file model-v9.json (JSON, C-alpha atoms)
[["chain", "number", "residue", "atom", "x", "y", "z"],
["T", 1, "MET", "CA", 10.13, -29.72, 1.51],
["T", 2, "LYS", "CA", 10.14, -32.77, -0.74],
["T", 3, "TYR", "CA", 10.94, -35.85, 1.28],
["T", 4, "ALA", "CA", 10.91, -39.62, 1.36],
["T", 5, "LEU", "CA", 9.36, -41.50, 4.27],
["T", 6, "LEU", "CA", 11.55, -44.39, 5.37],
["T", 7, "THR", "CA", 8.95, -46.77, 6.83],
["T", 8, "ASP", "CA", 5.76, -46.30, 8.80],
["T", 9, "TRP", "CA", 7.00, -48.39, 11.74],
["T", 10, "HIS", "CA", 6.85, -45.78, 14.48],
["T", 11, "VAL", "CA", 3.56, -45.02, 16.23],
["T", 12, "HIS", "CA", 4.20, -41.27, 15.85],
["T", 13, "THR", "CA", 4.56, -41.25, 12.05],
["T", 14, "GLU", "CA", 1.10, -40.03, 11.08],
["T", 15, "GLY", "CA", 0.96, -37.45, 13.86],
["T", 16, "PHE", "CA", 4.30, -35.99, 12.84],
["T", 17, "LEU", "CA", 3.49, -35.86, 9.12],
["T", 18, "ASN", "CA", 0.27, -34.05, 10.00],
["T", 19, "GLN", "CA", 2.50, -31.22, 11.28],
["T", 20, "ILE", "CA", 3.87, -30.60, 7.76],
["T", 21, "PRO", "CA", 0.83, -30.70, 5.44],
["T", 22, "GLN", "CA", 2.44, -28.20, 3.06],
["T", 23, "ASP", "CA", 5.31, -30.59, 2.29],
["T", 24, "GLU", "CA", 5.34, -33.32, -0.33],
["T", 25, "CYS", "CA", 6.13, -36.97, 0.27],
["T", 26, "LEU", "CA", 7.70, -38.30, -2.95],
["T", 27, "TYR", "CA", 8.25, -41.90, -1.86],
["T", 28, "VAL", "CA", 7.45, -44.38, 0.84],
["T", 29, "TRP", "CA", 10.23, -46.91, 1.28],
["T", 30, "ASP", "CA", 9.99, -49.98, 3.48],
["T", 31, "SER", "CA", 11.82, -53.31, 3.66],
["T", 32, "ILE", "CA", 8.41, -54.89, 4.39],
["T", 33, "GLU", "CA", 6.30, -54.50, 1.26],
["T", 34, "GLU", "CA", 2.89, -54.92, 2.90],
["T", 35, "ARG", "CA", 3.58, -52.17, 5.44],
["T", 36, "GLY", "CA", 5.09, -49.97, 2.76],
["T", 37, "ARG", "CA", 2.10, -50.29, 0.44],
["T", 38, "LYS", "CA", -0.32, -49.50, 3.28],
["T", 39, "ALA", "CA", 1.70, -46.40, 4.10],
["T", 40, "SER", "CA", 1.77, -45.49, 0.43],
["T", 41, "GLU", "CA", -2.03, -45.41, 0.36],
["T", 42, "LYS", "CA", -2.21, -43.52, 3.64],
["T", 43, "TYR", "CA", 0.22, -40.77, 2.67],
["T", 44, "GLY", "CA", -0.47, -40.57, -1.07],
["T", 45, "ALA", "CA", 3.05, -41.35, -2.25],
["T", 46, "PRO", "CA", 4.29, -44.27, -4.35],
["T", 47, "TYR", "CA", 5.82, -47.26, -2.60],
["T", 48, "GLU", "CA", 9.39, -48.04, -3.61],
["T", 49, "SER", "CA", 11.27, -51.14, -2.43],
["T", 50, "ASP", "CA", 14.67, -49.99, -3.73],
["T", 51, "LEU", "CA", 16.25, -47.64, -1.17],
["T", 52, "GLU", "CA", 19.08, -46.74, -3.53],
["T", 53, "LYS", "CA", 16.56, -45.53, -6.12],
["T", 54, "VAL", "CA", 14.85, -43.34, -3.51],
["T", 55, "LEU", "CA", 18.06, -41.80, -2.21],
["T", 56, "SER", "CA", 19.48, -41.28, -5.71],
["T", 57, "ASP", "CA", 16.50, -39.18, -6.79],
["T", 58, "ALA", "CA", 17.72, -35.57, -6.92],
["T", 59, "ASN", "CA", 14.16, -34.33, -6.24],
["T", 60, "VAL", "CA", 14.26, -35.85, -2.75],
["T", 61, "GLN", "CA", 15.66, -33.20, -0.43],
["T", 62, "ALA", "CA", 15.23, -35.05, 2.86],
["T", 63, "VAL", "CA", 14.28, -38.27, 4.56],
["T", 64, "VAL", "CA", 11.88, -38.72, 7.46],
["T", 65, "ILE", "CA", 13.05, -41.83, 9.30],
["T", 66, "GLU", "CA", 10.28, -43.51, 11.28],
["T", 67, "ALA", "CA", 11.94, -46.91, 11.05],
["T", 68, "PRO", "CA", 12.80, -49.48, 13.74],
["T", 69, "THR", "CA", 15.37, -47.97, 16.10],
["T", 70, "THR", "CA", 17.87, -50.74, 15.38],
["T", 71, "SER", "CA", 17.93, -49.76, 11.68],
["T", 72, "HIS", "CA", 18.58, -46.05, 12.25],
["T", 73, "LYS", "CA", 22.35, -46.18, 11.79],
["T", 74, "GLU", "CA", 22.19, -47.95, 8.42],
["T", 75, "LEU", "CA", 19.49, -45.64, 7.06],
["T", 76, "ILE", "CA", 21.06, -42.42, 8.35],
["T", 77, "LEU", "CA", 24.51, -43.22, 6.96],
["T", 78, "ALA", "CA", 22.96, -44.07, 3.58],
["T", 79, "ALA", "CA", 21.04, -40.79, 3.57],
["T", 80, "ILE", "CA", 24.16, -38.80, 4.46],
["T", 81, "ALA", "CA", 26.10, -40.53, 1.68],
["T", 82, "HIS", "CA", 23.46, -39.22, -0.76],
["T", 83, "GLY", "CA", 23.42, -35.71, 0.72],
["T", 84, "LYS", "CA", 19.88, -35.91, 2.11],
["T", 85, "HIS", "CA", 18.73, -33.92, 5.14],
["T", 86, "ILE", "CA", 17.65, -36.15, 8.02],
["T", 87, "PHE", "CA", 14.77, -36.14, 10.47],
["T", 88, "VAL", "CA", 14.78, -39.17, 12.76],
["T", 89, "ASP", "CA", 12.51, -40.31, 15.56],
["T", 90, "LYS", "CA", 14.12, -40.75, 18.93],
["T", 91, "PRO", "CA", 16.40, -42.24, 19.98],
["T", 92, "LEU", "CA", 19.17, -41.82, 17.44],
["T", 93, "THR", "CA", 20.74, -45.18, 18.35],
["T", 94, "THR", "CA", 20.80, -47.62, 21.23],
["T", 95, "ASN", "CA", 24.53, -47.26, 21.82],
["T", 96, "TYR", "CA", 27.16, -44.55, 21.94],
["T", 97, "ALA", "CA", 29.58, -45.96, 19.35],
["T", 98, "ASP", "CA", 26.95, -45.98, 16.59],
["T", 99, "ALA", "CA", 25.91, -42.44, 17.53],
["T", 100, "LEU", "CA", 29.50, -41.23, 17.27],
["T", 101, "GLU", "CA", 29.85, -42.87, 13.85],
["T", 102, "ILE", "CA", 26.77, -41.03, 12.63],
["T", 103, "LYS", "CA", 28.03, -37.74, 14.05],
["T", 104, "GLU", "CA", 31.38, -38.14, 12.30],
["T", 105, "ALA", "CA", 29.67, -38.68, 8.95],
["T", 106, "LEU", "CA", 27.20, -35.87, 9.53],
["T", 107, "ASP", "CA", 29.93, -33.39, 10.51],
["T", 108, "LYS", "CA", 31.65, -34.02, 7.19],
["T", 109, "SER", "CA", 28.47, -33.32, 5.24],
["T", 110, "ASP", "CA", 26.15, -30.39, 4.58],
["T", 111, "CYS", "CA", 23.11, -32.34, 5.73],
["T", 112, "ARG", "CA", 20.65, -30.84, 8.21],
["T", 113, "PHE", "CA", 19.70, -33.08, 11.13],
["T", 114, "VAL", "CA", 16.83, -33.03, 13.63],
["T", 115, "LEU", "CA", 16.02, -35.56, 16.36],
["T", 116, "SER", "CA", 12.40, -35.66, 17.42],
["T", 117, "LEU", "CA", 12.15, -34.63, 21.06],
["T", 118, "GLU", "CA", 8.61, -33.31, 20.96],
["T", 119, "SER", "CA", 8.36, -32.64, 24.71],
["T", 120, "LEU", "CA", 10.43, -29.53, 24.08],
["T", 121, "ILE", "CA", 7.59, -27.84, 22.20],
["T", 122, "SER", "CA", 6.18, -27.06, 25.67],
["T", 123, "GLY", "CA", 6.12, -23.39, 26.59],
["T", 124, "SER", "CA", 6.15, -24.45, 30.24],
["T", 125, "TYR", "CA", 9.40, -26.41, 29.95],
["T", 126, "ARG", "CA", 10.97, -23.55, 28.02],
["T", 127, "PHE", "CA", 9.86, -21.20, 30.81],
["T", 128, "VAL", "CA", 11.56, -23.45, 33.38],
["T", 129, "LYS", "CA", 14.77, -23.42, 31.34],
["T", 130, "GLU", "CA", 14.65, -19.62, 31.11],
["T", 131, "GLN", "CA", 14.21, -19.28, 34.88],
["T", 132, "ILE", "CA", 17.10, -21.64, 35.59],
["T", 133, "ASP", "CA", 19.36, -19.73, 33.18],
["T", 134, "ALA", "CA", 18.29, -16.44, 34.76],
["T", 135, "GLY", "CA", 19.22, -17.71, 38.24],
["T", 136, "THR", "CA", 15.68, -17.20, 39.56],
["T", 137, "ILE", "CA", 15.84, -20.23, 41.86],
["T", 138, "GLY", "CA", 19.61, -20.28, 42.42],
["T", 139, "ASP", "CA", 21.80, -23.26, 41.60],
["T", 140, "VAL", "CA", 19.75, -26.35, 40.76],
["T", 141, "VAL", "CA", 20.21, -29.25, 43.16],
["T", 142, "SER", "CA", 17.49, -31.64, 41.98],
["T", 143, "VAL", "CA", 15.24, -32.29, 38.97],
["T", 144, "TYR", "CA", 12.52, -34.93, 38.72],
["T", 145, "PHE", "CA", 10.63, -35.67, 35.49],
["T", 146, "ARG", "CA", 7.80, -38.15, 34.94],
["T", 147, "ARG", "CA", 6.38, -39.24, 31.63],
["T", 148, "ALA", "CA", 4.28, -42.38, 31.55],
["T", 149, "HIS", "CA", 1.28, -44.02, 29.88],
["T", 150, "SER", "CA", -0.76, -47.23, 29.89],
["T", 151, "GLY", "CA", 0.59, -48.86, 26.73],
["T", 152, "VAL", "CA", 1.25, -52.24, 28.38],
["T", 153, "LEU", "CA", -1.30, -51.92, 31.17],
["T", 154, "ASN", "CA", -4.14, -51.47, 28.66],
["T", 155, "ASP", "CA", -2.37, -53.29, 25.82],
["T", 156, "TRP", "CA", -2.68, -50.66, 23.09],
["T", 157, "LEU", "CA", 0.89, -50.58, 21.77],
["T", 158, "PRO", "CA", 1.57, -52.64, 18.60],
["T", 159, "ALA", "CA", 3.03, -56.10, 19.21],
["T", 160, "TYR", "CA", 6.26, -55.28, 17.39],
["T", 161, "TRP", "CA", 6.97, -52.57, 19.99],
["T", 162, "TYR", "CA", 8.14, -55.37, 22.29],
["T", 163, "ASP", "CA", 10.51, -56.95, 19.76],
["T", 164, "GLN", "CA", 13.90, -55.76, 20.94],
["T", 165, "THR", "CA", 15.51, -56.67, 17.62],
["T", 166, "GLN", "CA", 13.46, -53.73, 16.28],
["T", 167, "SER", "CA", 12.95, -51.42, 19.24],
["T", 168, "GLY", "CA", 16.30, -51.96, 20.93],
["T", 169, "GLY", "CA", 14.74, -51.94, 24.40],
["T", 170, "GLY", "CA", 11.70, -51.10, 26.46],
["T", 171, "ALA", "CA", 10.19, -48.11, 28.24],
["T", 172, "THR", "CA", 13.57, -46.62, 29.16],
["T", 173, "LEU", "CA", 14.71, -45.85, 25.62],
["T", 174, "ASP", "CA", 11.26, -45.33, 24.16],
["T", 175, "LEU", "CA", 9.01, -43.06, 26.22],
["T", 176, "GLY", "CA", 11.86, -42.59, 28.68],
["T", 177, "CYS", "CA", 13.85, -40.66, 26.07],
["T", 178, "HIS", "CA", 11.87, -37.55, 26.92],
["T", 179, "GLY", "CA", 13.04, -37.58, 30.53],
["T", 180, "LEU", "CA", 16.56, -38.68, 29.64],
["T", 181, "ALA", "CA", 16.81, -35.66, 27.34],
["T", 182, "MET", "CA", 14.94, -33.26, 29.64],
["T", 183, "LEU", "CA", 17.36, -33.65, 32.54],
["T", 184, "PRO", "CA", 20.48, -32.51, 30.60],
["T", 185, "TYR", "CA", 18.41, -29.79, 28.91],
["T", 186, "LEU", "CA", 17.83, -28.32, 32.37],
["T", 187, "CYS", "CA", 20.96, -29.43, 34.29],
["T", 188, "GLY", "CA", 23.81, -29.50, 31.79],
["T", 189, "LYS", "CA", 26.41, -32.22, 31.28],
["T", 190, "PRO", "CA", 25.72, -35.63, 32.87],
["T", 191, "VAL", "CA", 28.71, -37.49, 34.30],
["T", 192, "GLU", "CA", 27.14, -40.61, 35.80],
["T", 193, "VAL", "CA", 23.99, -42.61, 35.02],
["T", 194, "LYS", "CA", 22.32, -45.45, 36.88],
["T", 195, "ALA", "CA", 18.93, -47.08, 36.39],
["T", 196, "MET", "CA", 16.46, -49.47, 37.94],
["T", 197, "MET", "CA", 13.93, -51.31, 35.77],
["T", 198, "THR", "CA", 11.07, -53.70, 36.44],
["T", 199, "GLN", "CA", 8.59, -55.68, 34.36],
["T", 200, "PHE", "CA", 4.95, -55.74, 35.42],
["T", 201, "GLY", "CA", 3.53, -57.03, 32.13],
["T", 202, "ASP", "CA", 4.30, -60.12, 30.09],
["T", 203, "LYS", "CA", 5.86, -58.46, 27.04],
["T", 204, "GLY", "CA", 9.51, -59.35, 27.70],
["T", 205, "ILE", "CA", 10.68, -55.75, 28.13],
["T", 206, "GLU", "CA", 11.09, -53.40, 31.05],
["T", 207, "ASP", "CA", 7.83, -51.47, 31.30],
["T", 208, "ASN", "CA", 8.63, -49.49, 34.46],
["T", 209, "SER", "CA", 11.87, -47.60, 34.87],
["T", 210, "THR", "CA", 13.70, -44.93, 36.85],
["T", 211, "THR", "CA", 17.02, -43.45, 35.76],
["T", 212, "VAL", "CA", 19.19, -41.27, 38.01],
["T", 213, "MET", "CA", 21.90, -38.93, 36.71],
["T", 214, "LYS", "CA", 24.65, -36.96, 38.40],
["T", 215, "PHE", "CA", 25.66, -33.77, 36.61],
["T", 216, "GLU", "CA", 28.87, -31.81, 36.27],
["T", 217, "ASN", "CA", 27.30, -29.00, 38.33],
["T", 218, "LYS", "CA", 26.56, -31.51, 41.15],
["T", 219, "ALA", "CA", 22.80, -31.53, 40.53],
["T", 220, "ILE", "CA", 21.02, -34.88, 40.64],
["T", 221, "GLY", "CA", 18.26, -35.70, 38.17],
["T", 222, "THR", "CA", 15.65, -38.46, 38.19],
["T", 223, "ALA", "CA", 13.60, -39.58, 35.18],
["T", 224, "PHE", "CA", 10.67, -41.95, 35.73],
["T", 225, "THR", "CA", 8.86, -43.61, 32.85],
["T", 226, "SER", "CA", 6.35, -46.41, 32.60],
["T", 227, "PHE", "CA", 3.95, -48.23, 30.28],
["T", 228, "MET", "CA", 1.97, -49.38, 33.32],
["T", 229, "THR", "CA", -0.10, -46.44, 34.56],
["T", 230, "ASN", "CA", -3.23, -44.56, 33.58],
["T", 231, "VAL", "CA", -1.64, -41.41, 35.05],
["T", 232, "GLY", "CA", -0.77, -39.81, 31.74],
["T", 233, "GLN", "CA", 0.08, -36.24, 32.69],
["T", 234, "ASN", "CA", 3.73, -35.27, 32.82],
["T", 235, "PHE", "CA", 5.21, -33.92, 36.03],
["T", 236, "LEU", "CA", 8.37, -31.83, 36.40],
["T", 237, "GLU", "CA", 9.90, -30.63, 39.66],
["T", 238, "VAL", "CA", 13.02, -28.45, 39.78],
["T", 239, "VAL", "CA", 14.53, -27.60, 43.15],
["T", 240, "GLY", "CA", 17.14, -24.87, 43.43],
["T", 241, "GLN", "CA", 19.06, -23.50, 46.40],
["T", 242, "GLN", "CA", 16.79, -20.44, 46.41],
["T", 243, "GLY", "CA", 13.45, -21.71, 45.15],
["T", 244, "SER", "CA", 11.55, -24.29, 43.15],
["T", 245, "ILE", "CA", 9.40, -24.74, 40.04],
["T", 246, "LEU", "CA", 6.73, -27.40, 39.48],
["T", 247, "VAL", "CA", 5.01, -28.14, 36.18],
["T", 248, "TYR", "CA", 1.99, -30.43, 36.08],
["T", 249, "GLY", "CA", 0.54, -31.33, 32.70],
["T", 250, "SER", "CA", 1.69, -32.17, 29.20],
["T", 251, "PRO", "CA", 2.32, -30.14, 26.03],
["T", 252, "GLY", "CA", -1.02, -29.04, 24.63],
["T", 253, "ASP", "CA", -2.78, -29.82, 27.92],
["T", 254, "THR", "CA", -5.34, -27.19, 28.99],
["T", 255, "GLU", "CA", -4.59, -28.11, 32.61],
["T", 256, "ASP", "CA", -0.88, -27.37, 32.24],
["T", 257, "THR", "CA", 0.02, -25.57, 35.49],
["T", 258, "ILE", "CA", 3.27, -24.01, 36.75],
["T", 259, "MET", "CA", 4.01, -23.27, 40.40],
["T", 260, "ILE", "CA", 7.08, -21.16, 41.11],
["T", 261, "GLN", "CA", 8.61, -19.77, 44.30],
["T", 262, "SER", "CA", 11.85, -17.82, 44.58],
["T", 263, "GLU", "CA", 13.85, -16.17, 47.35],
["T", 264, "ILE", "CA", 15.63, -14.09, 44.68],
["T", 265, "ASP", "CA", 12.92, -12.73, 42.38],
["T", 266, "GLU", "CA", 10.50, -10.43, 44.21],
["T", 267, "LYS", "CA", 7.52, -11.29, 42.02],
["T", 268, "TYR", "CA", 7.83, -14.94, 43.01],
["T", 269, "LYS", "CA", 8.54, -14.45, 46.75],
["T", 270, "THR", "CA", 5.30, -16.26, 47.52],
["T", 271, "LYS", "CA", 4.23, -19.36, 45.60],
["T", 272, "THR", "CA", 2.86, -18.16, 42.28],
["T", 273, "MET", "CA", 0.65, -20.15, 39.93],
["T", 274, "ILE", "CA", 1.00, -19.65, 36.18],
["T", 275, "ASP", "CA", -1.36, -21.10, 33.58],
["T", 276, "GLY", "CA", 1.11, -22.95, 31.40],
["T", 277, "SER", "CA", -1.44, -23.36, 28.62],
["T", 278, "THR", "CA", -1.21, -19.60, 28.00],
["T", 279, "LEU", "CA", 2.49, -19.87, 27.12],
["T", 280, "ALA", "CA", 3.15, -20.21, 23.42],
["T", 281, "GLU", "CA", 4.08, -23.70, 22.29],
["T", 282, "HIS", "CA", 7.04, -24.05, 19.96],
["T", 283, "PRO", "CA", 6.78, -25.84, 16.60],
["T", 284, "TYR", "CA", 7.14, -29.60, 16.55],
["T", 285, "PRO", "CA", 10.68, -30.74, 15.68],
["T", 286, "ILE", "CA", 9.52, -32.01, 12.28],
["T", 287, "ALA", "CA", 8.12, -28.54, 11.46],
["T", 288, "VAL", "CA", 11.44, -27.03, 12.54],
["T", 289, "PHE", "CA", 13.18, -29.54, 10.27],
["T", 290, "SER", "CA", 11.01, -28.51, 7.33],
["T", 291, "GLN", "CA", 12.00, -24.87, 7.90],
["T", 292, "LEU", "CA", 15.70, -25.79, 8.09],
["T", 293, "VAL", "CA", 15.51, -27.65, 4.78],
["T", 294, "ASP", "CA", 13.67, -24.74, 3.19],
["T", 295, "ASP", "CA", 16.04, -22.04, 4.49],
["T", 296, "PRO", "CA", 19.77, -22.91, 4.67],
["T", 297, "SER", "CA", 20.47, -19.69, 6.59],
["T", 298, "LEU", "CA", 18.53, -20.82, 9.65],
["T", 299, "PRO", "CA", 20.67, -22.15, 12.54],
["T", 300, "ASN", "CA", 20.13, -25.69, 13.80],
["T", 301, "PRO", "CA", 18.41, -25.60, 17.22],
["T", 302, "PRO", "CA", 20.88, -27.36, 19.57],
["T", 303, "GLU", "CA", 18.09, -29.03, 21.56],
["T", 304, "TYR", "CA", 17.27, -31.14, 18.48],
["T", 305, "GLY", "CA", 20.80, -31.40, 17.10],
["T", 306, "ILE", "CA", 23.33, -34.16, 16.68],
["T", 307, "ASP", "CA", 25.25, -33.42, 19.89],
["T", 308, "THR", "CA", 22.04, -33.75, 21.91],
["T", 309, "ALA", "CA", 21.23, -36.97, 20.05],
["T", 310, "VAL", "CA", 24.68, -38.45, 20.71],
["T", 311, "GLU", "CA", 24.54, -37.54, 24.40],
["T", 312, "LEU", "CA", 21.10, -39.17, 24.66],
["T", 313, "SER", "CA", 22.47, -42.39, 23.14],
["T", 314, "TRP", "CA", 25.28, -42.34, 25.71],
["T", 315, "ILE", "CA", 22.75, -41.91, 28.53],
["T", 316, "ILE", "CA", 20.62, -44.78, 27.19],
["T", 317, "GLU", "CA", 23.64, -47.06, 26.94],
["T", 318, "GLN", "CA", 24.71, -46.20, 30.49],
["T", 319, "ALA", "CA", 21.18, -46.76, 31.83],
["T", 320, "TYR", "CA", 21.07, -50.28, 30.43],
["T", 321, "LEU", "CA", 24.64, -51.08, 31.44],
["T", 322, "ASN", "CA", 23.99, -49.86, 34.98],
["T", 323, "GLY", "CA", 20.42, -51.11, 35.24],
["T", 324, "GLY", "CA", 18.50, -54.09, 33.93],
["T", 325, "ILE", "CA", 15.18, -55.76, 34.64],
["T", 326, "ASN", "CA", 14.75, -56.95, 38.24]]
call {"tool": "encode", "arguments": {"input": "model-v9.json", "output": "structure tokens"}}
result
Amino acid sequence: MKYALLTDWHVHTEGFLNQIPQDECLYVWDSIEERGRKASEKYGAPYESDLEKVLSDANVQAVVIEAPTTSHKELILAAIAHGKHIFVDKPLTTNYADALEIKEALDKSDCRFVLSLESLISGSYRFVKEQIDAGTIGDVVSVYFRRAHSGVLNDWLPAYWYDQTQSGGGATLDLGCHGLAMLPYLCGKPVEVKAMMTQFGDKGIEDNSTTVMKFENKAIGTAFTSFMTNVGQNFLEVVGQQGSILVYGSPGDTEDTIMIQSEIDEKYKTKTMIDGSTLAEHPYPIAVFSQLVDDPSLPNPPEYGIDTAVELSWIIEQAYLNGGIN
């Protein structure tokens, strides 16, 4: 894949590009020249200040958008207009209307699209999804997901992360995206969203947040996220009418552990522990994107697709409308 990097703003940029070492970055574009030139040196591609020049280059197959969240819509629509495939860091947008506008343009194009939801590389979370779909624990009544870190507590996030004119919000739409996407992945269509947010630090954003969703199937999901804890391992609990599944640990974690119990499946009649680290991880979304660009016959994985991205933007909008810092 030959691609252009549209800014090095996001903290995940380098980690994601390390997942596609076989691909070639042809340009680094950035509206801030200093940041663009630093990224140019880091990634070995020329800096270009003229976005139109970058997108007009027929050699550029795709764009990797690691730009401020509030600039996603403008950059994505420009890329679609030039027929470029699009990888974008989460979230797609901070509001539903902008997400729908992007979807409308994308649906009229031949552009491939992937949203980065890297939690879904986890073999453990995929296992949970498979068990739910198989009816192993009966109808799901409750899901709880935690993803948190110490970014504000230990002050290691970049200062611009707290500028809402760039980020669009705080912990809820940043790290919280993983939980806000995980709940529908496991439960289906959300119909109601409410949130509660607090601020422990002095950064001017919510750094501690819980979002609750009601689903079409009557399940209730809870997503907790925070920048204020040294407890960094993820935790997932799924409760069904006939059993439960717990996952403790994060993707790539050697201590990733699954506990499952089922009144339906004989092999799980008693609580059974599974070493989640033995389950194969799936490729990172950016690696999936590279494959999609390389092979037009491959289907777009729905978990990273535009409909998932649009739904996530709706959830984010609802969380902030029905939440707020207290």
call {"tool": "closest_residue", "arguments": {"input": "model-v9.json", "among": "T:Ser290, T:Asn59, T:Ser124, T:Asn217", "to": "Ile260 (chain T)", "atoms": "all atoms listed in the file"}}
result
T:Ser124
call {"tool": "closest_residue", "arguments": {"input": "model-v9.json", "among": "T:Gln241, T:Asn300, T:Ser150, T:Ser167", "to": "Trp9 (chain T)", "atoms": "only C-alpha atoms"}}
result
T:Ser167
call {"tool": "residues_around", "arguments": {"input": "model-v9.json", "residues": "region 76-84 of chain T", "least_positions_apart": "3", "cutoff": "8 Å", "atoms": "all atoms listed in the file", "output": "PDB file with C-alpha atoms, in the frame of the given file"}}
result
ATOM      1  CA  LEU T  55      18.060 -41.800  -2.210  1.00  0.00           C
ATOM      2  CA  SER T  56      19.480 -41.280  -5.710  1.00  0.00           C
ATOM      3  CA  VAL T  60      14.260 -35.850  -2.750  1.00  0.00           C
ATOM      4  CA  GLN T  61      15.660 -33.200  -0.430  1.00  0.00           C
ATOM      5  CA  ALA T  62      15.230 -35.050   2.860  1.00  0.00           C
ATOM      6  CA  VAL T  63      14.280 -38.270   4.560  1.00  0.00           C
ATOM      7  CA  HIS T  72      18.580 -46.050  12.250  1.00  0.00           C
ATOM      8  CA  LYS T  73      22.350 -46.180  11.790  1.00  0.00           C
ATOM      9  CA  ILE T 102      26.770 -41.030  12.630  1.00  0.00           C
ATOM     10  CA  ALA T 105      29.670 -38.680   8.950  1.00  0.00           C
ATOM     11  CA  LEU T 106      27.200 -35.870   9.530  1.00  0.00           C
ATOM     12  CA  SER T 109      28.470 -33.320   5.240  1.00  0.00           C
ATOM     13  CA  ASP T 110      26.150 -30.390   4.580  1.00  0.00           C
ATOM     14  CA  CYS T 111      23.110 -32.340   5.730  1.00  0.00           C
ATOM     15  CA  ARG T 112      20.650 -30.840   8.210  1.00  0.00           C
TER      16      ARG T 112
END
call {"tool": "closest_residue", "arguments": {"input": "model-v9.json", "among": "T:Leu26, T:Leu157, T:Val310, T:Val140", "to": "Leu100 (chain T)", "atoms": "all atoms listed in the file"}}
result
T:Val310
call {"tool": "atom_distance", "arguments": {"input": "model-v9.json", "atom1": "CA of His282 (chain T)", "atom2": "CA of Ser116 (chain T)"}}
result
13.0 Å
